[in-house]
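The structure appears below as structure tokens.
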Amino acid sequence: MASGANSLMWFRKGLRLHDNPALEYAAKGSKFLYPVFVIDPHYMEPDPTAFSLGSSKAGLNRIQFLLESLVDLDLSLKKVGSRLLVLKGDPGEVLIRCLKEGYVSGTGVEIFSPVSHTLYNPADIIRKNGGSPPLSYQSFLKLAGQPSWATTPLLTTISSLPPIGNTGSFAVSEVPTVRELGYEDLAEDERTPFKGGESEALKRLRESIANKEWVANFEKPKGDPSAFLKPATTVLSPYLKFGCLSSRYFYQCIQDILKCSRKHTSPPVSLLGQLLWRDFFYTAAFGTPNFDQMKGNRICKQIPWKNDDELLAAWRDSRTGFPWIDAIMVQLRKWGWIHHLARHSVACFLTRGDLFVHWERGRHVFERLLIDSDWAINNGNWLWLSCSSFFYQYNRIYSPTSFGKKYDPAGNYIRHFLPVLKDMPKEYIYEPWTAPISVQRKAKCIIGVDYPKPVVSHDSASKECKMRLGEAYALNKKLNGLVSDEDLNELRRKTDNESTTLDSVSRKKKQKLID
Ligand code: FAD
């Protein structure tokens, strides 16, 4: 935001100096520059009722990551003659007070909000598509084309910034610590190994792209989801989420490598293709009302998911009895990051693969625990994985026992994140309930006592899920265009109930739909 000669820069999704159009604008000659970040209690205050340490919105690892990112940004701003002004309160109110009480002079306020968090402006793509977002990746690519800025180098260094003027009556503070926000420090083994901030982001980017061959041959989904000592992908997502890394700069760095490679992979599987997935979901989310829910979301299949609290808690708290699933959920809680295929495994298991629990509930757990938690991408992928939108092959289910084994037959990933199973012989590590009791005793892990029995039988649960999805799909087809919103809402009300299957929708109604 800028007014008169002075500028008030609100750092919301751009905790960085490189490729930051707001700073570029300020460097071009404002009298004073006020880089502001508002600590929003709604986002930061401890919520003792939440299922994990943190606020009502975010787990403590993500809050910690954000604070580290702010400290780093403040240090970088200080190096170029400025600093970060940390304010507290409701961001909307605080900003209006800032404007009223004199950070900015002049009569009018000009809101300057350039697109820099994504590669494209979602509104442009939607316009090109006649008013609605493209729902397939290929149609998205066709519409998007080469980004307009991609051929000119982005501004990646700023040598100086205008000074900070008088901050008036505002209580400006340093970036708080987690303790100052009312939390205990996280125990060492509960803390994510990924540190927040632009400096870390750029270091990680440099390391990730140093191996040019790796970049050129990157091919998802070929990576190993069980690799934890050196993850198989870049782990740049948390930095993109907070804007510590510009996706446009990342794109240009990859593009420079590909230009010099004789052979390379292409979207959707290439590394560049991953960044395009990000924009694909941003565009879909931007143009779809109620994108984050089943009700009122026109691109989401209406499915009578269960709302089973116990199954949800078993999944969330790593107690399903399937070591592959439970180990992933431990990594999610402790690291706030898991590999893409690990996300596939647990999201499929919770929803259409085994437990038939509503995708919105799984989404909520991810939203809280991920350090890269991103509204558009997270909801988009949950819609995908639950076969509610974008992807519809519900017969293709990830096995909670054999999928992980393909990558890690010895079960090292499971042993690391579930130490209770560390001495289980590798023949049983993915299905410990099949181990003879003598083996369980020797491994000091009795199934049903030290580690839970499986919450479902995968064979029968997955068959049941397929059947239910088949029914739901058939009904959705009938519903398409054939019934009024009122009828649809009535059906949804009925199917909302956990114990309700589609069979319980009245015969009359079904007959009406079929007619
Ligand atoms: P890389 O493979 O190194 O990819 C580089 C970047 O491309 C990523 O950092 C990310 O920004 C983007 N990207 C990669 N895959 C995808 C994808 N499928 N969709 C959109 N963008 C992608 N990603 C998030 O950033 N935030 C989320 O909240 C999130 N929730 C997810 C929930 C589910 C159920 C699933 C299946 C996936 C989710 N993803 C999410 C997408 C993806 O798993 C992560 O972006 C990726 O694993 C991050 O690791 P990386 O940075 O090493 O990825």
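Labeling convention for the structure tokens: chains A, B, ... as they appear, residues from 1 per chain, ligands from 1 in order of appearance.
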
Pick out each residue of range 353-508 of chain A that DSSP on the backbone tags as alpha helix (DSSP H); I need them as number ranges by chain. A: 359-369, 375-385, 402-407, 412-417, 437-442, 458-479, 485-496, 507-508

Produce as a VMD selection string the set of residues near ligand 1, where near means within 7 Å with only C-alpha atoms and all ligand atoms considered. chain A and resid 233 to 238 240 to 241 271 274 to 275 277 to 278 281 338 to 341 343 to 344 347 366 to 367 370 372 to 375 377 to 379 381 to 382 385

Rounded to one decimal in Å, what is the spacing between CA of Leu469 in chain A and CA of Phe390 in chain A?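 So the two atoms, CA of Leu469 in chain A and CA of Phe390 in chain A, lie 15.0 Å apart.
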
Please identify all polymer residues within 12 Å of His264 in chain A, counting only C-alpha atoms, omitting same-chain residues fewer than 6 positions from it, and present them as JSON, numbers by chain. {"A": [212, 213, 214, 215, 216, 217, 218, 219, 254, 255, 257, 258, 270, 271, 272, 273]}

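Residues in contact with Ala227 in chain A at up to 10 Å, not including ones fewer than 4 positions away on its chain and judged by only C-alpha atoms, are Gly223, Pro231, Ala232, Thr233, Ile338, His339, Tyr407, Asp408, Asn412 and Tyr413 of chain A.
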
With N, CA and C atoms kept, could you save the residues just selected as a compact mmCIF listing (two decimals), in the first residue's frame?
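Output (again-v4.txt):
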```
# COMPACT_ATOMS: atom_id res chain seq x y z
N GLY A 223 9.83 -40.38 -7.37
CA GLY A 223 10.66 -40.25 -6.16
C GLY A 223 10.27 -41.22 -5.05
N PRO A 231 15.42 -36.08 1.59
CA PRO A 231 14.13 -36.20 0.89
C PRO A 231 14.30 -36.18 -0.63
N ALA A 232 13.38 -36.87 -1.32
CA ALA A 232 13.51 -37.06 -2.77
C ALA A 232 13.11 -35.83 -3.57
N THR A 233 12.44 -34.88 -2.94
CA THR A 233 12.06 -33.65 -3.65
C THR A 233 12.71 -32.44 -2.94
N ILE A 338 5.77 -33.89 4.62
CA ILE A 338 5.90 -35.28 4.17
C ILE A 338 5.93 -35.27 2.65
N HIS A 339 6.50 -36.34 2.09
CA HIS A 339 6.63 -36.44 0.63
C HIS A 339 5.24 -36.52 -0.01
N TYR A 407 9.38 -49.25 -1.98
CA TYR A 407 10.48 -48.29 -1.87
C TYR A 407 11.45 -48.67 -0.76
N ASP A 408 10.92 -49.25 0.30
CA ASP A 408 11.71 -49.42 1.52
C ASP A 408 11.42 -50.80 2.12
N ASN A 412 12.99 -49.13 7.01
CA ASN A 412 13.80 -48.17 7.80
C ASN A 412 13.02 -46.91 8.17
N TYR A 413 12.17 -46.49 7.25
CA TYR A 413 11.35 -45.30 7.51
C TYR A 413 10.43 -45.55 8.71
```

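Near Ser457 in chain A, within 12 Å and counting only C-alpha atoms, sit A:Thr320, A:Gly321, A:Phe322, A:Phe349, A:Gly353, A:Asp354, A:Leu355, A:Ser399, A:Pro400, A:Thr401, A:Glu431, A:Trp433, A:Lys463, A:Glu464, A:Cys465; same-chain residues fewer than 6 positions away were not included.
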
Out of A:Asp279, A:Cys253, A:Leu75, A:Pro163, which residue has the shortest atom-to-atom distance to Ala210 in chain A when counting only C-alpha atoms?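 The answer is A:Cys253, which sits nearest to Ala210 in chain A.
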
Range 41-56 of chain A surroundings by only C-alpha atoms, 9 Å radius, close-in-sequence under 5 positions cut, as an NGL selection string: :A and (61-63 or 88-90 or 181-183 or 186 or 333 or 368-369)

Export of the given selection (N, CA and C atoms) as a PDB file, in the first residue's frame:
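Result file is out_36.pdb:
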```
ATOM      1  N   ASN A  61       4.821 -25.852  15.015  1.00  0.00           N
ATOM      2  CA  ASN A  61       5.940 -25.875  14.075  1.00  0.00           C
ATOM      3  C   ASN A  61       5.789 -24.803  12.998  1.00  0.00           C
ATOM      4  N   ARG A  62       4.554 -24.598  12.527  1.00  0.00           N
ATOM      5  CA  ARG A  62       4.371 -23.586  11.489  1.00  0.00           C
ATOM      6  C   ARG A  62       4.514 -22.166  12.063  1.00  0.00           C
ATOM      7  N   ILE A  63       4.045 -21.990  13.305  1.00  0.00           N
ATOM      8  CA  ILE A  63       4.195 -20.674  13.936  1.00  0.00           C
ATOM      9  C   ILE A  63       5.690 -20.368  14.101  1.00  0.00           C
ATOM     10  N   LYS A  88       0.897  -5.560  16.556  1.00  0.00           N
ATOM     11  CA  LYS A  88       0.024  -6.643  17.029  1.00  0.00           C
ATOM     12  C   LYS A  88      -1.430  -6.231  16.951  1.00  0.00           C
ATOM     13  N   GLY A  89      -2.292  -7.189  16.650  1.00  0.00           N
ATOM     14  CA  GLY A  89      -3.732  -6.927  16.641  1.00  0.00           C
ATOM     15  C   GLY A  89      -4.378  -7.497  15.399  1.00  0.00           C
ATOM     16  N   ASP A  90      -5.639  -7.150  15.233  1.00  0.00           N
ATOM     17  CA  ASP A  90      -6.342  -7.592  14.033  1.00  0.00           C
ATOM     18  C   ASP A  90      -5.746  -6.841  12.833  1.00  0.00           C
ATOM     19  N   LEU A 181       4.895 -15.605  22.934  1.00  0.00           N
ATOM     20  CA  LEU A 181       3.507 -15.790  22.483  1.00  0.00           C
ATOM     21  C   LEU A 181       2.729 -16.712  23.425  1.00  0.00           C
ATOM     22  N   GLY A 182       3.416 -17.222  24.437  1.00  0.00           N
ATOM     23  CA  GLY A 182       2.720 -18.034  25.439  1.00  0.00           C
ATOM     24  C   GLY A 182       2.925 -19.534  25.287  1.00  0.00           C
ATOM     25  N   TYR A 183       3.900 -19.945  24.463  1.00  0.00           N
ATOM     26  CA  TYR A 183       4.156 -21.383  24.291  1.00  0.00           C
ATOM     27  C   TYR A 183       5.443 -21.777  25.008  1.00  0.00           C
ATOM     28  N   LEU A 186       9.349 -26.078  21.704  1.00  0.00           N
ATOM     29  CA  LEU A 186       9.100 -27.465  21.299  1.00  0.00           C
ATOM     30  C   LEU A 186      10.293 -28.337  21.688  1.00  0.00           C
ATOM     31  N   ARG A 333       3.359 -34.886  11.973  1.00  0.00           N
ATOM     32  CA  ARG A 333       3.232 -34.130  13.229  1.00  0.00           C
ATOM     33  C   ARG A 333       4.570 -33.519  13.652  1.00  0.00           C
ATOM     34  N   ARG A 368      -3.587 -27.841   9.674  1.00  0.00           N
ATOM     35  CA  ARG A 368      -3.009 -27.436  10.940  1.00  0.00           C
ATOM     36  C   ARG A 368      -1.527 -27.839  11.065  1.00  0.00           C
ATOM     37  N   LEU A 369      -1.220 -29.061  10.626  1.00  0.00           N
ATOM     38  CA  LEU A 369       0.105 -29.605  10.925  1.00  0.00           C
ATOM     39  C   LEU A 369       1.184 -29.287   9.883  1.00  0.00           C
TER      40      LEU A 369
END
```
